[in-house]
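*Asks:* For reference, the structure I am asking about is given below.
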Amino acid sequence: MKKLSARRRHPLAAVVVLLFALAVTGGLYAAFAPADTAKADDTAAQSLAIEEGKKLYSVGCASCHGTGGQGTSDGPSLVGVGAAAVDFQVATGRMPLQQQGAQAPRKKAIYSPAEVDQLAAYIASLGAGPSVPTKDQYSPDGADIAKGGELFRTNCAQCHNFTGKGGALSNGKYAPDLTDVNPKHIYEAMQTGPQNMPSFPDTTMTEKNKKDVIAYLDTVNSSKSESPGGLELGGLGPVSEGLFAWIFGLGALIAVAIWVAARTAKAKKS
């Protein structure tokens, strides 16, 4: 009898076993279920964003770009342009257009950031294209500023001039001033090539090189940057500097020559 009583289970043993089973089950659920749940939540959120974006598109964009983004005589097709192009055009206020013209100007955005994301999600659903870059992609931190300056002068200065101050193009078009432009929008512009600008995909200009260019612009347009030559003269380079020297330098020489001639003539008369 003593042996049987010694082997008898403690009254709380069943409770302990039950708690252990629940802990193991909960651990397995935490290990496997949340990933599936999170994925389902992301899919649902994406579907909702696309649906809301479609509504916004139907009201503000379909009249020019077509009901399905296929394009019309008033606007190009948006199939395959990607979310990055939408984020650039809409977040900078270039779209929707106030009126047709040579170029869409930058202005205050009429859509909130959340609405821009919804429009971008809908357009991205029409066809694969460049996605909106992450902060790590366009942040100038750790970039090679000197390399960025070299790349900018080689690929961009012809239109935007040497420090990104902008410049005139043909037929009323222009390269916009890049001062105080959000680094994300500069990256998106390089990635998508809006309006008159050529595109620079990763196969042409790597992600790191884009980051270098952004770092260069951030440096030369910073309030802390200094111009070693004194006056910037619009940052237009040797043409404006030569013109300045020609007009003011030659003008000063002519003024001195006239003054000397007048003094000489007066001295002869006396």
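The chains in the structure tokens are called A, B, ... from first to last as shown; in each chain the residues are counted from 1, and the ligands are counted from 1 in the order shown.
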Give me the residues within 9 Å of segment 162-177 of chain A as a short mmCIF file (atom, residue, chain, number, x, y, z; two decimals) with C-alpha atoms, in the first residue's frame, counting only C-alpha atoms and dropping any in the same chain fewer than 5 places off.

*Replies:*
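Output contents, as saved in around25.cif:
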```cif
data_model
loop_
_atom_site.label_atom_id
_atom_site.label_comp_id
_atom_site.auth_asym_id
_atom_site.auth_seq_id
_atom_site.Cartn_x
_atom_site.Cartn_y
_atom_site.Cartn_z
CA GLY A 101 1.31 73.36 -71.47
CA ALA A 102 4.90 72.82 -72.50
CA GLN A 103 5.75 71.42 -69.08
CA PRO A 105 5.26 72.98 -63.14
CA ARG A 106 5.98 72.06 -59.55
CA GLY A 149 29.68 65.82 -58.44
CA PHE A 152 26.18 65.22 -62.05
CA ARG A 153 28.49 67.33 -64.21
CA CYS A 156 22.92 66.50 -65.59
CA ALA A 157 24.74 69.84 -65.75
CA ASN A 196 12.01 66.03 -70.74
CA MET A 197 14.46 64.19 -68.51
CA TYR A 216 26.42 66.25 -54.07
CA LEU A 217 23.29 68.34 -54.58
CA VAL A 220 26.40 72.39 -52.94
CA ASN A 221 22.92 73.73 -52.16
CA GLY A 234 23.66 81.70 -60.75
CA GLY A 235 25.93 78.67 -60.78
CA LEU A 236 25.88 78.71 -64.59
CA GLY A 237 29.59 78.04 -64.97
#
```

*Asks:* Pick out the residues sitting within 12 Å of Gly82 of chain A, and hand them over as a ChimeraX atom specification; count only C-alpha atoms, and ignore anything fewer than 4 positions along from it in its own chain.

*Replies:* /A:69,77-78,86-89,117,119-133,188,191-193

*Asks:* What is the atom CA of Ser222 of chain A to atom CA of Ile110 of chain A distance in Å?

*Replies:*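 So the two atoms, atom CA of Ser222 of chain A and atom CA of Ile110 of chain A, lie 27.9 Å apart.
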
*Asks:* Which residues are near Glu52 of chain A? Cut-off 9 Å, only C-alpha atoms, ignore same chain within fewer than 4 positions. Put them as number ranges by chain.

*Replies:* A: 47-48, 56-57, 115, 118-119, 122

*Asks:* Using DSSP on the backbone coordinates, identify all residues within segment 75-182 of chain A classified as alpha helix (DSSP H); present the result as number ranges by chain.

*Replies:* A: 82-91, 113-126, 135-138, 145-155, 157-160

*Asks:* Per DSSP on the backbone, what are the strand (DSSP E) residues of segment 116-254 of chain A, as a ChimeraX atom specification?

*Replies:* /A:167-168,174-175

*Asks:* Find the residue from A:Ile247, A:Ile186, A:Val213, A:Ala104 that sits nearest to Thr154 of chain A; use only C-alpha atoms when measuring.

*Replies:*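 Of all the options, A:Val213 lies closest to Thr154 of chain A.
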